[in-house]
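As stored in structure03.pdb (PDB, C-alpha atoms):
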ATOM      1  CA  MET O   1     102.175  73.626 186.210
ATOM      2  CA  SER O   2     102.516  74.305 189.863
ATOM      3  CA  GLU O   3      98.997  73.627 191.181
ATOM      4  CA  ALA O   4      97.019  74.034 188.124
ATOM      5  CA  GLU O   5      95.647  75.283 191.206
ATOM      6  CA  SER O   6      98.613  77.479 191.830
ATOM      7  CA  GLY O   7     100.079  78.101 188.608
ATOM      8  CA  SER O   8     103.048  76.648 189.354
ATOM      9  CA  ALA O   9     104.135  76.292 185.570
ATOM     10  CA  PRO O  10     103.665  76.495 181.865
ATOM     11  CA  GLY O  11     100.511  77.426 179.996
ATOM     12  CA  PRO O  12      99.226  77.730 176.436
ATOM     13  CA  GLU O  13     101.047  79.907 173.932
ATOM     14  CA  ALA O  14      99.642  82.461 171.550
ATOM     15  CA  ALA O  15      99.010  80.933 168.117
ATOM     16  CA  SER O  16     102.265  82.073 166.502
ATOM     17  CA  GLU O  17     104.427  80.682 169.305
ATOM     18  CA  ALA O  18     102.445  77.436 169.467
ATOM     19  CA  GLU O  19     102.867  76.985 165.723
ATOM     20  CA  SER O  20     106.598  77.664 166.073
ATOM     21  CA  GLY O  21     106.874  75.011 168.774
ATOM     22  CA  ALA O  22     104.837  72.535 166.756
ATOM     23  CA  ALA O  23     107.038  73.134 163.731
ATOM     24  CA  SER O  24     110.141  72.252 165.751
ATOM     25  CA  GLY O  25     108.431  69.224 167.281
ATOM     26  CA  ALA O  26     108.729  70.748 170.761
ATOM     27  CA  TRP O  27     106.136  71.454 173.436
ATOM     28  CA  VAL O  28     106.579  75.196 174.026
ATOM     29  CA  SER O  29     105.246  76.413 177.370
ATOM     30  CA  SER O  30     104.875  79.675 179.254
ATOM     31  CA  SER O  31     104.021  80.362 182.890
ATOM     32  CA  ALA O  32     101.648  83.219 182.067
ATOM     33  CA  ALA O  33      98.347  81.322 182.128
ATOM     34  CA  TYR O  34      99.161  79.883 185.559
ATOM     35  CA  LEU O  35      99.945  83.094 187.425
ATOM     36  CA  ALA O  36      96.483  84.646 187.783
ATOM     37  CA  PRO O  37      93.744  83.567 190.218
ATOM     38  CA  ARG O  38      90.782  81.871 188.561
ATOM     39  CA  ASP O  39      87.138  81.533 189.487
ATOM     40  CA  ALA O  40      85.996  78.374 191.229
ATOM     41  CA  ASP O  41      84.209  77.148 188.113
ATOM     42  CA  ALA O  42      86.961  78.134 185.636
ATOM     43  CA  PRO O  43      88.641  75.309 183.673
ATOM     44  CA  ASP O  44      91.929  73.895 184.853
ATOM     45  CA  PRO O  45      94.693  75.554 182.767
ATOM     46  CA  TRP O  46      96.831  72.425 182.455
ATOM     47  CA  ARG O  47      93.935  70.354 181.143
ATOM     48  CA  ALA O  48      93.140  73.178 178.721
ATOM     49  CA  GLU O  49      96.751  73.316 177.525
ATOM     50  CA  ALA O  50      96.864  69.562 176.963
ATOM     51  CA  GLU O  51      93.504  69.557 175.207
ATOM     52  CA  GLN O  52      94.764  72.272 172.861
ATOM     53  CA  ALA O  53      97.525  69.851 171.859
ATOM     54  CA  GLY O  54      95.066  67.002 171.351
ATOM     55  CA  ARG O  55      96.110  65.217 174.537
ATOM     56  CA  VAL O  56      94.718  64.577 177.998
ATOM     57  CA  GLY O  57      96.252  66.405 180.937
ATOM     58  CA  GLY O  58      95.696  65.366 184.507
ATOM     59  CA  SER O  59      96.961  65.969 188.022
ATOM     60  CA  ARG O  60      96.369  64.654 191.489
ATOM     61  CA  LEU O  61      97.275  65.825 194.939
ATOM     62  CA  ILE O  62      99.665  63.345 196.543
ATOM     63  CA  GLY O  63     100.333  65.171 199.786
ATOM     64  CA  ALA O  64      99.452  68.286 201.772
ATOM     65  CA  GLY O  65     100.203  69.647 205.205
ATOM     66  CA  PRO O  66     103.061  70.929 207.386
ATOM     67  CA  GLN O  67     106.501  69.621 206.436
ATOM     68  CA  LEU O  68     110.120  70.644 206.929
ATOM     69  CA  PRO O  69     111.356  72.329 203.743
ATOM     70  CA  SER O  70     114.908  72.190 202.475
ATOM     71  CA  GLU O  71     117.305  74.913 203.601
ATOM     72  CA  ARG O  72     117.005  76.476 200.138
ATOM     73  CA  VAL O  73     113.192  76.634 200.254
ATOM     74  CA  ALA O  74     113.296  77.975 203.828
ATOM     75  CA  ARG O  75     115.694  80.711 202.715
ATOM     76  CA  LEU O  76     113.467  81.647 199.775
ATOM     77  CA  LEU O  77     110.422  81.769 202.081
ATOM     78  CA  ARG O  78     112.484  83.756 204.599
ATOM     79  CA  ILE O  79     111.662  81.427 207.451
ATOM     80  CA  GLU O  80     114.082  80.049 210.024
ATOM     81  CA  PRO O  81     115.923  76.840 209.043
ATOM     82  CA  GLY O  82     114.235  73.893 210.714
ATOM     83  CA  SER O  83     110.856  75.644 210.761
ATOM     84  CA  ALA O  84     107.844  73.916 209.222
ATOM     85  CA  ALA O  85     105.976  75.213 206.186
ATOM     86  CA  VAL O  86     102.838  74.026 204.419
ATOM     87  CA  LEU O  87     103.487  71.793 201.411
ATOM     88  CA  ARG O  88     101.084  70.862 198.619
ATOM     89  CA  ARG O  89     102.530  68.204 196.296
ATOM     90  CA  ARG O  90     100.964  67.244 192.982
ATOM     91  CA  LEU O  91     101.737  64.674 190.317
ATOM     92  CA  VAL O  92     101.072  66.045 186.829
ATOM     93  CA  THR O  93     100.382  63.671 183.930
ATOM     94  CA  LEU O  94      99.984  63.793 180.170
ATOM     95  CA  ASP O  95      98.003  60.940 178.635
ATOM     96  CA  ASP O  96      98.347  59.223 182.045
ATOM     97  CA  ALA O  97     102.161  59.373 181.919
ATOM     98  CA  PRO O  98     103.909  61.368 184.692
ATOM     99  CA  VAL O  99     105.595  64.534 183.409
ATOM    100  CA  GLU O 100     106.041  66.621 186.556
ATOM    101  CA  VAL O 101     106.089  66.633 190.339
ATOM    102  CA  SER O 102     105.067  70.047 191.612
ATOM    103  CA  ASP O 103     105.727  71.178 195.187
ATOM    104  CA  SER O 104     104.156  74.400 196.428
ATOM    105  CA  TRP O 105     105.459  75.686 199.773
ATOM    106  CA  TYR O 106     103.761  78.342 201.936
ATOM    107  CA  PRO O 107     104.772  79.926 205.263
ATOM    108  CA  LEU O 108     102.950  78.263 208.129
ATOM    109  CA  ASP O 109     101.668  81.586 209.459
ATOM    110  CA  ILE O 110      99.929  82.175 206.110
ATOM    111  CA  ALA O 111      98.661  78.723 205.159
ATOM    112  CA  GLY O 112      98.384  76.857 208.458
ATOM    113  CA  GLY O 113      94.785  76.017 209.338
ATOM    114  CA  THR O 114      93.533  76.945 205.855
ATOM    115  CA  ALA O 115      92.410  74.924 202.839
ATOM    116  CA  LEU O 116      96.005  75.058 201.598
ATOM    117  CA  ALA O 117      97.028  72.698 204.398
ATOM    118  CA  GLU O 118      94.270  70.183 203.675
ATOM    119  CA  GLU O 119      94.770  67.141 201.453
ATOM    120  CA  ARG O 120      91.927  67.902 199.073
ATOM    121  CA  PRO O 121      91.511  69.903 195.857
ATOM    122  CA  ILE O 122      90.700  73.600 196.180
ATOM    123  CA  LYS O 123      87.965  75.066 194.016
ATOM    124  CA  GLY O 124      89.611  77.725 191.865
ATOM    125  CA  GLY O 125      93.045  76.479 192.898
ATOM    126  CA  ALA O 126      95.615  77.560 195.447
ATOM    127  CA  LEU O 127      95.957  81.036 193.920
ATOM    128  CA  ARG O 128      92.261  81.626 194.566
ATOM    129  CA  ALA O 129      92.733  80.544 198.185
ATOM    130  CA  LEU O 130      95.747  82.841 198.550
ATOM    131  CA  THR O 131      93.846  85.756 197.010
ATOM    132  CA  ASP O 132      91.005  85.188 199.461
ATOM    133  CA  LEU O 133      93.615  85.361 202.251
ATOM    134  CA  GLY O 134      94.855  88.703 200.902
ATOM    135  CA  TYR O 135      97.996  87.480 199.126
ATOM    136  CA  VAL O 136      98.372  88.509 195.478
ATOM    137  CA  ALA O 137     101.665  88.342 193.607
ATOM    138  CA  ASP O 138     103.167  91.623 192.485
ATOM    139  CA  ARG O 139     106.132  89.837 190.924
ATOM    140  CA  HIS O 140     107.597  86.381 190.426
ATOM    141  CA  VAL O 141     111.214  85.257 190.341
ATOM    142  CA  GLU O 142     111.960  82.065 188.409
ATOM    143  CA  GLU O 143     115.104  79.972 188.169
ATOM    144  CA  VAL O 144     115.579  76.981 185.859
ATOM    145  CA  ALA O 145     118.219  74.282 186.276
ATOM    146  CA  VAL O 146     118.973  70.782 185.003
ATOM    147  CA  VAL O 147     119.286  68.388 187.955
ATOM    148  CA  ASP O 148     119.490  64.692 188.728
ATOM    149  CA  THR O 149     116.103  63.332 189.698
ATOM    150  CA  PRO O 150     116.065  63.224 193.509
ATOM    151  CA  GLU O 151     115.947  59.670 194.827
ATOM    152  CA  ALA O 152     112.634  60.370 196.585
ATOM    153  CA  PHE O 153     110.964  61.032 193.215
ATOM    154  CA  ARG O 154     112.489  58.287 191.068
ATOM    155  CA  SER O 155     109.412  56.101 191.494
ATOM    156  CA  LEU O 156     107.253  58.934 190.139
ATOM    157  CA  LEU O 157     109.359  60.373 187.311
ATOM    158  CA  PRO O 158     110.946  58.087 184.701
ATOM    159  CA  ASP O 159     113.898  60.329 183.759
ATOM    160  CA  PRO O 160     117.248  60.199 185.602
ATOM    161  CA  VAL O 161     117.717  63.914 184.796
ATOM    162  CA  VAL O 162     114.942  66.529 184.934
ATOM    163  CA  LEU O 163     114.336  70.256 184.601
ATOM    164  CA  GLU O 164     113.872  72.032 187.934
ATOM    165  CA  LEU O 165     111.868  75.249 187.790
ATOM    166  CA  THR O 166     111.742  77.222 191.035
ATOM    167  CA  ARG O 167     109.357  80.153 191.328
ATOM    168  CA  VAL O 168     109.108  82.609 194.226
ATOM    169  CA  SER O 169     105.929  84.712 194.396
ATOM    170  CA  LEU O 170     106.153  88.026 196.256
ATOM    171  CA  THR O 171     103.719  90.720 197.361
ATOM    172  CA  ALA O 172     104.060  94.388 196.410
ATOM    173  CA  THR O 173     106.055  94.884 199.626
ATOM    174  CA  GLY O 174     108.450  92.076 198.744
ATOM    175  CA  VAL O 175     107.052  89.424 201.088
ATOM    176  CA  PRO O 176     107.447  85.873 199.689
ATOM    177  CA  PHE O 177     104.284  83.820 200.207
ATOM    178  CA  GLU O 178     104.835  80.857 197.890
ATOM    179  CA  VAL O 179     107.835  78.907 196.649
ATOM    180  CA  ALA O 180     106.995  76.436 193.907
ATOM    181  CA  VAL O 181     109.550  73.786 192.950
ATOM    182  CA  MET O 182     108.631  71.856 189.813
ATOM    183  CA  LEU O 183     110.566  68.810 188.627
ATOM    184  CA  MET O 184     109.720  68.314 184.956
ATOM    185  CA  THR O 185     110.605  65.627 182.443
ATOM    186  CA  ARG O 186     112.700  66.954 179.579
ATOM    187  CA  GLU O 187     110.296  65.362 177.098
ATOM    188  CA  MET O 188     106.519  65.722 177.262
ATOM    189  CA  ALA O 189     106.227  62.504 175.245
ATOM    190  CA  PRO O 190     108.724  60.372 173.322
ATOM    191  CA  GLY O 191     110.322  62.614 170.703
ATOM    192  CA  VAL O 192     108.529  65.751 171.991
ATOM    193  CA  PRO O 193     111.062  67.892 173.900
ATOM    194  CA  ARG O 194     109.877  70.458 176.416
ATOM    195  CA  ARG O 195     110.816  74.112 175.919
ATOM    196  CA  LEU O 196     110.125  76.967 178.347
ATOM    197  CA  ARG O 197     109.320  80.364 176.862
ATOM    198  CA  TYR O 198     109.615  83.764 178.570
ATOM    199  CA  GLU O 199     108.283  87.063 177.277
ATOM    200  CA  PHE O 200     109.247  90.440 178.771
ATOM    201  CA  GLY O 201     107.536  93.768 178.250
ATOM    202  CA  PRO O 202     109.091  97.230 178.532
ATOM    203  CA  ARG O 203     110.023  98.420 182.037
ATOM    204  CA  GLY O 204     108.959 101.697 183.538
TER     205      GLY O 204
END

As structure tokens, please, write out the structure in this file.
Amino acid sequence: MSEAESGSAPGPEAASEAESGAASGAWVSSSAAYLAPRDADAPDPWRAEAEQAGRVGGSRLIGAGPQLPSERVARLLRIEPGSAAVLRRRLVTLDDAPVEVSDSWYPLDIAGGTALAEERPIKGGALRALTDLGYVADRHVEEVAVVDTPEAFRSLLPDPVVLELTRVSLTATGVPFEVAVMLMTREMAPGVPRRLRYEFGPRG
């Protein structure tokens, strides 16, 4: 759910997969619905996903602007360690309970001085803003890990251990223009575990 703006994370499943997840009592999610730019008046995909499950999804921007990323994020963005990048940080909720902190990082030479660096919502989301700047993802690389909740986020997320989904978005020439780092609760609600689903088509 990386900026429902930016797609930073899971979206609604096709009926058969959603039914499978419901049967197991799990919340089954896919990134697919979050990876395409949307029109300014298009519905927010996270709210749509939650509504499909009979719940209320929400999110709010809790920070935006130039920040120093971690060495790992700087490496993934291919910027020099110690260099600033633009960060957009969002708190994602389900029925008003926090379920995710989503950080979206952008190189300063791409996002500096644009709407991405401003602490306000973007109509159509961050992917729309990036598309308007000429940056469209040709491929994404995702990595999932189980990590201790960083101390800086323990006041926002209730779990001592969370899922960390990191996504790098790259242009057709292999230039990374966004690194999204999503810290997600392992349960979407009490007794409702979160599951991430990936689907791959034929290559070539």

Residue neighbourhood segment 75-82 of chain O, 10 Å, only C-alpha atoms, exclusion window fewer than 3 positions, as a PyMOL selection string: chain O and resi 67-72+85+105-108+166-170+175-179

Shortest interatomic distance to Ile122 of chain O - which of O:Phe153, O:Tyr135, O:Arg60, O:Val99, counting only C-alpha atoms: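 The closest residue to Ile122 of chain O is O:Arg60.
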
Residue among O:Arg38, O:Arg89, O:Arg120, O:Arg55 lying closest to Met188 of chain O, counting all atoms listed in the file: O:Arg55

Residue contacts of Arg195 of chain O (9 Å, all atoms listed in the file) excluding same-chain residues fewer than 2 positions away, as a ChimeraX atom specification: /O:21,26-30,186-187,193,197

Mind writing the picked residues with C-alpha atoms as a compact mmCIF listing (two decimals), in the coordinates of the input?
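What landed in selection.txt:
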# COMPACT_ATOMS: atom_id res chain seq x y z
CA GLY O 21 106.87 75.01 168.77
CA ALA O 26 108.73 70.75 170.76
CA TRP O 27 106.14 71.45 173.44
CA VAL O 28 106.58 75.20 174.03
CA SER O 29 105.25 76.41 177.37
CA SER O 30 104.88 79.68 179.25
CA ARG O 186 112.70 66.95 179.58
CA GLU O 187 110.30 65.36 177.10
CA PRO O 193 111.06 67.89 173.90
CA ARG O 197 109.32 80.36 176.86

Residue neighbourhood segment 155-157 of chain O, 12 Å, all atoms listed in the file, exclusion window fewer than 4 positions, as number ranges by chain: O: 62, 90-93, 97-102, 148-151, 161-163, 182-188

Option closest in space to Ser59 of chain O, from O:Gly25, O:Gly134, O:Pro121, O:Gly191 [counting only C-alpha atoms]: O:Pro121

Nearest-residue call for His140 of chain O, choices O:Arg154, O:Asp109, O:Ala180, O:Ala64, using only C-alpha atoms: O:Ala180

Quick one: segment 30-59 of chain O with N, CA and C atoms, as a PDB file, in the frame of the given file?
ATOM      1  N   SER O  30     104.666  78.409 178.554  1.00  0.00           N
ATOM      2  CA  SER O  30     104.875  79.675 179.254  1.00  0.00           C
ATOM      3  C   SER O  30     104.142  79.628 180.580  1.00  0.00           C
ATOM      4  N   SER O  31     104.658  80.335 181.570  1.00  0.00           N
ATOM      5  CA  SER O  31     104.021  80.362 182.890  1.00  0.00           C
ATOM      6  C   SER O  31     102.793  81.256 182.954  1.00  0.00           C
ATOM      7  N   ALA O  32     102.608  82.119 181.961  1.00  0.00           N
ATOM      8  CA  ALA O  32     101.648  83.219 182.067  1.00  0.00           C
ATOM      9  C   ALA O  32     100.250  82.781 182.478  1.00  0.00           C
ATOM     10  N   ALA O  33      99.733  81.721 181.861  1.00  0.00           N
ATOM     11  CA  ALA O  33      98.347  81.322 182.128  1.00  0.00           C
ATOM     12  C   ALA O  33      98.156  80.777 183.543  1.00  0.00           C
ATOM     13  N   TYR O  34      99.244  80.504 184.238  1.00  0.00           N
ATOM     14  CA  TYR O  34      99.161  79.883 185.559  1.00  0.00           C
ATOM     15  C   TYR O  34      99.372  80.866 186.707  1.00  0.00           C
ATOM     16  N   LEU O  35      99.550  82.136 186.394  1.00  0.00           N
ATOM     17  CA  LEU O  35      99.945  83.094 187.425  1.00  0.00           C
ATOM     18  C   LEU O  35      98.821  84.004 187.890  1.00  0.00           C
ATOM     19  N   ALA O  36      97.613  83.804 187.388  1.00  0.00           N
ATOM     20  CA  ALA O  36      96.483  84.646 187.783  1.00  0.00           C
ATOM     21  C   ALA O  36      95.433  83.794 188.491  1.00  0.00           C
ATOM     22  N   PRO O  37      94.820  84.309 189.556  1.00  0.00           N
ATOM     23  CA  PRO O  37      93.744  83.567 190.218  1.00  0.00           C
ATOM     24  C   PRO O  37      92.602  83.310 189.236  1.00  0.00           C
ATOM     25  N   ARG O  38      91.921  82.184 189.421  1.00  0.00           N
ATOM     26  CA  ARG O  38      90.782  81.871 188.561  1.00  0.00           C
ATOM     27  C   ARG O  38      89.553  81.637 189.415  1.00  0.00           C
ATOM     28  N   ASP O  39      88.390  81.782 188.790  1.00  0.00           N
ATOM     29  CA  ASP O  39      87.138  81.533 189.487  1.00  0.00           C
ATOM     30  C   ASP O  39      86.998  80.052 189.806  1.00  0.00           C
ATOM     31  N   ALA O  40      86.151  79.760 190.782  1.00  0.00           N
ATOM     32  CA  ALA O  40      85.996  78.374 191.229  1.00  0.00           C
ATOM     33  C   ALA O  40      85.522  77.456 190.118  1.00  0.00           C
ATOM     34  N   ASP O  41      84.747  77.986 189.181  1.00  0.00           N
ATOM     35  CA  ASP O  41      84.209  77.148 188.113  1.00  0.00           C
ATOM     36  C   ASP O  41      85.006  77.269 186.815  1.00  0.00           C
ATOM     37  N   ALA O  42      86.138  77.975 186.838  1.00  0.00           N
ATOM     38  CA  ALA O  42      86.961  78.134 185.636  1.00  0.00           C
ATOM     39  C   ALA O  42      87.694  76.834 185.322  1.00  0.00           C
ATOM     40  N   PRO O  43      87.950  76.557 184.041  1.00  0.00           N
ATOM     41  CA  PRO O  43      88.641  75.309 183.673  1.00  0.00           C
ATOM     42  C   PRO O  43      90.073  75.289 184.174  1.00  0.00           C
ATOM     43  N   ASP O  44      90.554  74.092 184.423  1.00  0.00           N
ATOM     44  CA  ASP O  44      91.929  73.895 184.853  1.00  0.00           C
ATOM     45  C   ASP O  44      92.868  74.229 183.697  1.00  0.00           C
ATOM     46  N   PRO O  45      93.847  75.120 183.889  1.00  0.00           N
ATOM     47  CA  PRO O  45      94.693  75.554 182.767  1.00  0.00           C
ATOM     48  C   PRO O  45      95.560  74.452 182.181  1.00  0.00           C
ATOM     49  N   TRP O  46      96.020  73.498 183.008  1.00  0.00           N
ATOM     50  CA  TRP O  46      96.831  72.425 182.455  1.00  0.00           C
ATOM     51  C   TRP O  46      95.998  71.509 181.558  1.00  0.00           C
ATOM     52  N   ARG O  47      94.791  71.186 181.990  1.00  0.00           N
ATOM     53  CA  ARG O  47      93.935  70.354 181.143  1.00  0.00           C
ATOM     54  C   ARG O  47      93.607  71.069 179.841  1.00  0.00           C
ATOM     55  N   ALA O  48      93.425  72.397 179.929  1.00  0.00           N
ATOM     56  CA  ALA O  48      93.140  73.178 178.721  1.00  0.00           C
ATOM     57  C   ALA O  48      94.341  73.186 177.785  1.00  0.00           C
ATOM     58  N   GLU O  49      95.544  73.323 178.347  1.00  0.00           N
ATOM     59  CA  GLU O  49      96.751  73.316 177.525  1.00  0.00           C
ATOM     60  C   GLU O  49      96.920  71.983 176.813  1.00  0.00           C
ATOM     61  N   ALA O  50      96.722  70.884 177.566  1.00  0.00           N
ATOM     62  CA  ALA O  50      96.864  69.562 176.963  1.00  0.00           C
ATOM     63  C   ALA O  50      95.807  69.315 175.893  1.00  0.00           C
ATOM     64  N   GLU O  51      94.583  69.739 176.180  1.00  0.00           N
ATOM     65  CA  GLU O  51      93.504  69.557 175.207  1.00  0.00           C
ATOM     66  C   GLU O  51      93.804  70.303 173.914  1.00  0.00           C
ATOM     67  N   GLN O  52      94.394  71.498 174.035  1.00  0.00           N
ATOM     68  CA  GLN O  52      94.764  72.272 172.861  1.00  0.00           C
ATOM     69  C   GLN O  52      95.753  71.510 171.981  1.00  0.00           C
ATOM     70  N   ALA O  53      96.552  70.648 172.595  1.00  0.00           N
ATOM     71  CA  ALA O  53      97.525  69.851 171.859  1.00  0.00           C
ATOM     72  C   ALA O  53      96.971  68.489 171.455  1.00  0.00           C
ATOM     73  N   GLY O  54      95.681  68.270 171.714  1.00  0.00           N
ATOM     74  CA  GLY O  54      95.066  67.002 171.351  1.00  0.00           C
ATOM     75  C   GLY O  54      95.393  65.876 172.305  1.00  0.00           C
ATOM     76  N   ARG O  55      95.747  66.218 173.533  1.00  0.00           N
ATOM     77  CA  ARG O  55      96.110  65.217 174.537  1.00  0.00           C
ATOM     78  C   ARG O  55      95.269  65.406 175.796  1.00  0.00           C
ATOM     79  N   VAL O  56      95.489  64.537 176.755  1.00  0.00           N
ATOM     80  CA  VAL O  56      94.718  64.577 177.998  1.00  0.00           C
ATOM     81  C   VAL O  56      95.660  64.888 179.156  1.00  0.00           C
ATOM     82  N   GLY O  57      95.451  66.027 179.781  1.00  0.00           N
ATOM     83  CA  GLY O  57      96.252  66.405 180.937  1.00  0.00           C
ATOM     84  C   GLY O  57      95.534  66.067 182.224  1.00  0.00           C
ATOM     85  N   GLY O  58      96.290  65.685 183.213  1.00  0.00           N
ATOM     86  CA  GLY O  58      95.696  65.366 184.507  1.00  0.00           C
ATOM     87  C   GLY O  58      96.644  65.727 185.634  1.00  0.00           C
ATOM     88  N   SER O  59      96.130  65.740 186.844  1.00  0.00           N
ATOM     89  CA  SER O  59      96.961  65.969 188.022  1.00  0.00           C
ATOM     90  C   SER O  59      96.220  65.463 189.239  1.00  0.00           C
TER      91      SER O  59
END
